[in-house]
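A.B. asks: Here it is, the structure in full.
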Amino acid sequence: MGKLKKILELNPFYLFLLPLFFVLHGVAENYPLIPFTDALKLTAIYLGGSLLIAILFWIFYRNISKAFLLAFLIMAYQFAFGSIQDFLKDFFENTIIYRYRFILPFSLLIFIFAIIWIKRRKKTLLQLSLYLNILFISLLLIDAASLTVKASARKEPVQSSIKELTLCDSCTRPDVYLLVADEYAGTSTLKELFQFDNSEFENNLKKRGFHVISNSISNYNFSPFSIASMLKMDYLEKLVGSNTSSNDMNICYSTIKENRTFDFFKHSGYKIYNYSIFDLPGQPTVAKSSLLHGKTKPITSQTFTYRILKQLGYHLAKDLRLKFAIEGIIYKELKANEKIYSLTQKTAREKNQGPKLVYTHLLMPHYPYYFDSKGIATPINKLTESYNLNEKAYTEYLLYTNKKLLALIDHIRVSSPTPPIIILMGDHGFRQYRHKVEQKYNFLNFNAVFFPDSNYTGFYKGMSNVNQFRVILNSQFGQRLPLLKDSMSYLRP
C-alpha cells in the first residue's frame with residue numbers, strides 16, 4: 001500500500017486521468033448516443049493536447065510536476081468553461097460578468113497569476129498529486145461501473161409497443177422516398193403571417209397525383225424530436241423538454257437510429273438508403289452541418305474551444321479576413337444539401353433487385369437562405385444571423401426550394417421502373433419570427449404524399465406527423481394500426 005501511495009505521489013497521472021474522466025463521464029451520461037470510436041478519437045485529441053501543453057510549460061519551468069499542474073489547470077478550464085459560463089449567466093444574467101469581454105480578460109489574469117505562483121512555489125506537489133490521482137481514479141471507476149450497468153441493461157425490443165405490425169406477403173412493394181424539407185411551413189402560416197400564396201406549388205404537386213394534407217402539424221418544434229416520433233410512430237417518453245438537453249438528444253437519436261418504421265421496411269425486404277442528417281445503423285449521415293448535434297457534441301459542447309468557435313468563430317474569421325474560414329462556416333449547409341440531393345438522384349437511377357426506401361433530409365428552406373426565387377445566390381455578407389429573421393428571404397428561398405423539390409420528384413418518377421411512394425413533408429413549422437406569434441405556427445408544416453393507387457382515404461385534415469407512417473402502412477402495406485391522438489409539445493430552445 002505504501003508503494004502504491006509513493007507512485008501516486010511522485011507521478012502526476014492526473015493530467016491524463018482528467019481527459020479520460022471527462023470523455024468517459026460524457027459517454028456514460030449520454031449512453032448510447034456517443035459512438036465508441038468517436039469517443040476514442042476525442043480522448044486521443046485531449047490526451048495529445050494535454051501532453052503538448054505540459055511539454056511547453058516544462059520548457060518554461062524545467063520541472064515536470066509544475067508543468068503538469070499548469071497543464072492540468074488549463075485542461076480543467078477547457079472542460080469546465082461551459083458550466084462556469086452557464087452558472088454565471090443564471091446568477092448574473094443582466095450583467096457583464098458572464099460575457100466574453102469580461103470572462104476572457106479575467107481568465108487571462110487568473111492564469112498569469114497561476115503561472116507566477118507555481119513558478120515561485122518552493123514546496124513539493126506530492127500531496128496534491130496524490131489527492132488528484134486518487135480523485136480521478138475513483139471518478140473513473142464510478143463512471144466505468146455506471147456505463148457497464150447501462151450497457152448490460154436489456155434493450156427494449158424495437159416492435160414492443162406496436163405488436164400489430166405483421167409482414168404483408170400479398171402487398172406490392174414499391175420504392176419509397178421520404179423527402180423531408182426542413183422547416184417547411186404550412187399553408188396557414190404562409191398565408192396568415194407571410195401573406196404568401198403557395199398554391200402554385202401545391203397545384204403542381206396535385207397535377208402529379210399528390211395529395212396535400214390540409215393543416216398538417218408536427219408534434220414537436222425541433223427536427224430530432226419530430227423525426228424520432230414520426231419514425232417511432234409514437235410519442236417520445238421521459239423528455240426533459242429542451243432541444244439542448246443531453247437526455248432528450250439521447251432519446252431522439254437512439255430512437256431514430258433504431259426506429260420501428262425502418263425496421264418494418266427492412267423485414268419487408270427493403271434496402272434502406274440514408275441521405276439524412278441523422279445516423280442509421282451502419283449508415284452514418286453524409287451531411288456535415290453546423291445545425292446538427294455532432295456525434296461527440298454532447299461532450300464537447302461545454303468546452304472552451306467549442307464555445308469560442310461556435311459563438312465567436314465567424315466574427316474572428318471576419319475580423320482576420322480569413323475568407324476560406326468564413327466560406328467554410330457559412331456554406332456548410334449548402335454543401336450538405338448539394339451532396340444529399342445528388343446522392344438521392346443517383347440512387348433513383350440505380351436498378352435494384354429488391355425495393356428500396358430512401359430517406360432524404362434537406363436543410364431547406366431552413367436558413368441560411370442561400371438563393372432567391374430565381375436561383376440567384378444571396379451575397380455572402382447578407383448570410384448573417386439577423387438575415388435568418390428576414391421573412392421575405394425565407395419565402396424567396398422557399399420558392400427556390402419548390403423548384404428543386406419538383407425537379408427531384410420528376411427525376412425520381414422518371415427513373416423508377418414502377419411508380420414509387422413519395423412522401424414530401426416539413427419536419428416542423430417555421431421558427432425564425434421577429435415578433436411573438438402563437439405557438440401553433442411553430443408546428444404547422446407542409447405535408448404531401450403520392451401513392452401509386454391514389455388511395456388517400458386514410459389521411460385527414462389536421463393530421464400530425466406521428467400518424468404519418470401509421471396511415472401509410474395501413475393503406476399500402478396491409479396493417480391495421482390505430483391512429484394516435486394528435487397533439488403538439490413545445491420544446492425549449
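Here's how to read the names in the C-alpha cells: chain A, B, ... by the order shown, residue numbers from 1 in each chain, ligand numbers from 1 in the order shown.
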Do a neighbour search on stretch 173-190 of chain A at 7 Å with only C-alpha atoms, toss out local chain neighbours closer than 4 positions, and write the hits as a PyMOL selection string.
C.D. replies: chain A and resi 194-198+215+355-366+418-430+441+444-446
A.B. asks: Give the alpha helix (DSSP H) residues of stretch 138-308 of chain A, as DSSP finds them on the backbone, and put them as a ChimeraX atom specification.
C.D. replies: /A:138-152,187-192,199-207,223-232,246-257,260-267,297-300,304-308
A.B. asks: I need the strand (DSSP E or B) residues of stretch 270-407 of chain A per DSSP on the backbone, written as a ChimeraX atom specification.
C.D. replies: /A:271-275,280,283,356-362,371,377
A.B. asks: Could you list, as a ChimeraX atom specification, every residue within 12 Å of A:Gln476, counting only C-alpha atoms and ignoring same-chain residues fewer than 4 positions away?
C.D. replies: /A:167-168,170-176,420-421,450-458,469-472,480
A.B. asks: From the options A:Ser214, A:Asn250, A:Ser487, A:Ser223, which residue's atoms come nearest to A:Val449, counting only C-alpha atoms?
C.D. replies: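 Of the candidates, the smallest distance to A:Val449 is held by A:Ser214.
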A.B. asks: Rank A:Asn63, A:Asn390, A:Ser276, A:Thr95 by their smallest atom-to-atom distance to A:Thr124, using only C-alpha atoms, and report the top residue only.
C.D. replies: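 With only C-alpha atoms as the atom set, the closest residue is A:Asn63.
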A.B. asks: With only C-alpha atoms as the atoms that count, which of A:Lys206, A:Met233, A:Phe136, A:Tyr394 lies nearest to A:Leu8?
C.D. replies: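 Using only C-alpha atoms, the shortest distance to A:Leu8 belongs to A:Phe136.
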A.B. asks: Counting only C-alpha atoms, which of A:Ser216, A:Thr305, A:Ser199, A:Asp372 gets nearest to A:Met463?
C.D. replies: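 Of A:Ser216, A:Thr305, A:Ser199, A:Asp372, the one nearest A:Met463 is A:Ser216, counting only C-alpha atoms.
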A.B. asks: Nearest to A:Tyr270 among A:Ile115, A:Ile376, A:Leu132, A:Gln353, with distances taken over only C-alpha atoms: which residue is it?
C.D. replies: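 That would be A:Gln353, the residue with the smallest distance to A:Tyr270.
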A.B. asks: One decimal, Å: what's the distance from atom CA of A:Thr401 over to atom CA of A:Ser415, could you say?
C.D. replies: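 Those two atoms sit 20.9 Å apart.
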A.B. asks: Could you build a table of the residues in stretch 212-300 of chain A lying no more than 12 Å from stretch 68-92 of chain A, giving for each the nearest pair of atoms and their separation in Å rounded to one decimal place, using only C-alpha atoms, ordered by chain and ascending residue number, as a tab-separated table?
C.D. replies:
residue	atom	partner	partner_atom	distance
A:Pro298	CA	A:Gly82	CA	11.8
A:Ile299	CA	A:Phe79	CA	9.1
A:Thr300	CA	A:Phe79	CA	8.0
A.B. asks: Emit the selected residues as a PDB file, in the first residue's frame, including N, CA and C atoms.
C.D. replies:
ATOM      1  N   PRO A 298     -22.547  16.266 -27.467  1.00  0.00           N
ATOM      2  CA  PRO A 298     -22.998  16.274 -26.068  1.00  0.00           C
ATOM      3  C   PRO A 298     -21.841  16.369 -25.075  1.00  0.00           C
ATOM      4  N   ILE A 299     -20.643  15.921 -25.474  1.00  0.00           N
ATOM      5  CA  ILE A 299     -19.465  16.018 -24.611  1.00  0.00           C
ATOM      6  C   ILE A 299     -18.756  17.349 -24.817  1.00  0.00           C
ATOM      7  N   THR A 300     -18.528  17.705 -26.073  1.00  0.00           N
ATOM      8  CA  THR A 300     -17.686  18.856 -26.381  1.00  0.00           C
ATOM      9  C   THR A 300     -18.380  20.209 -26.241  1.00  0.00           C
TER      10      THR A 300
END
A.B. asks: Using only C-alpha atoms, which protein or nucleic acid residues come within 7 Å of A:Pro493? Drop anything in the same chain fewer than 4 positions from it, and give the result as a VMD selection string.
C.D. replies: chain A and resid 242 to 244
A.B. asks: Keeping only N, CA and C atoms, write the selected residues as a compact mmCIF listing (two decimals), in the first residue's frame.
C.D. replies:
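Generated file (part11.txt):
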# COMPACT_ATOMS: atom_id res chain seq x y z
N SER A 242 -36.32 19.99 -23.75
CA SER A 242 -35.40 21.03 -24.23
C SER A 242 -34.57 20.50 -25.39
N ASN A 243 -34.38 21.35 -26.41
CA ASN A 243 -33.57 20.97 -27.57
C ASN A 243 -32.08 20.89 -27.24
N THR A 244 -31.68 21.38 -26.08
CA THR A 244 -30.27 21.33 -25.68
C THR A 244 -30.03 20.30 -24.58
A.B. asks: Please, what distance in Å, to one decimal, runs between atom CA of A:Arg434 and atom CA of A:Tyr397?
C.D. replies: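 It comes out at 17.6 Å.
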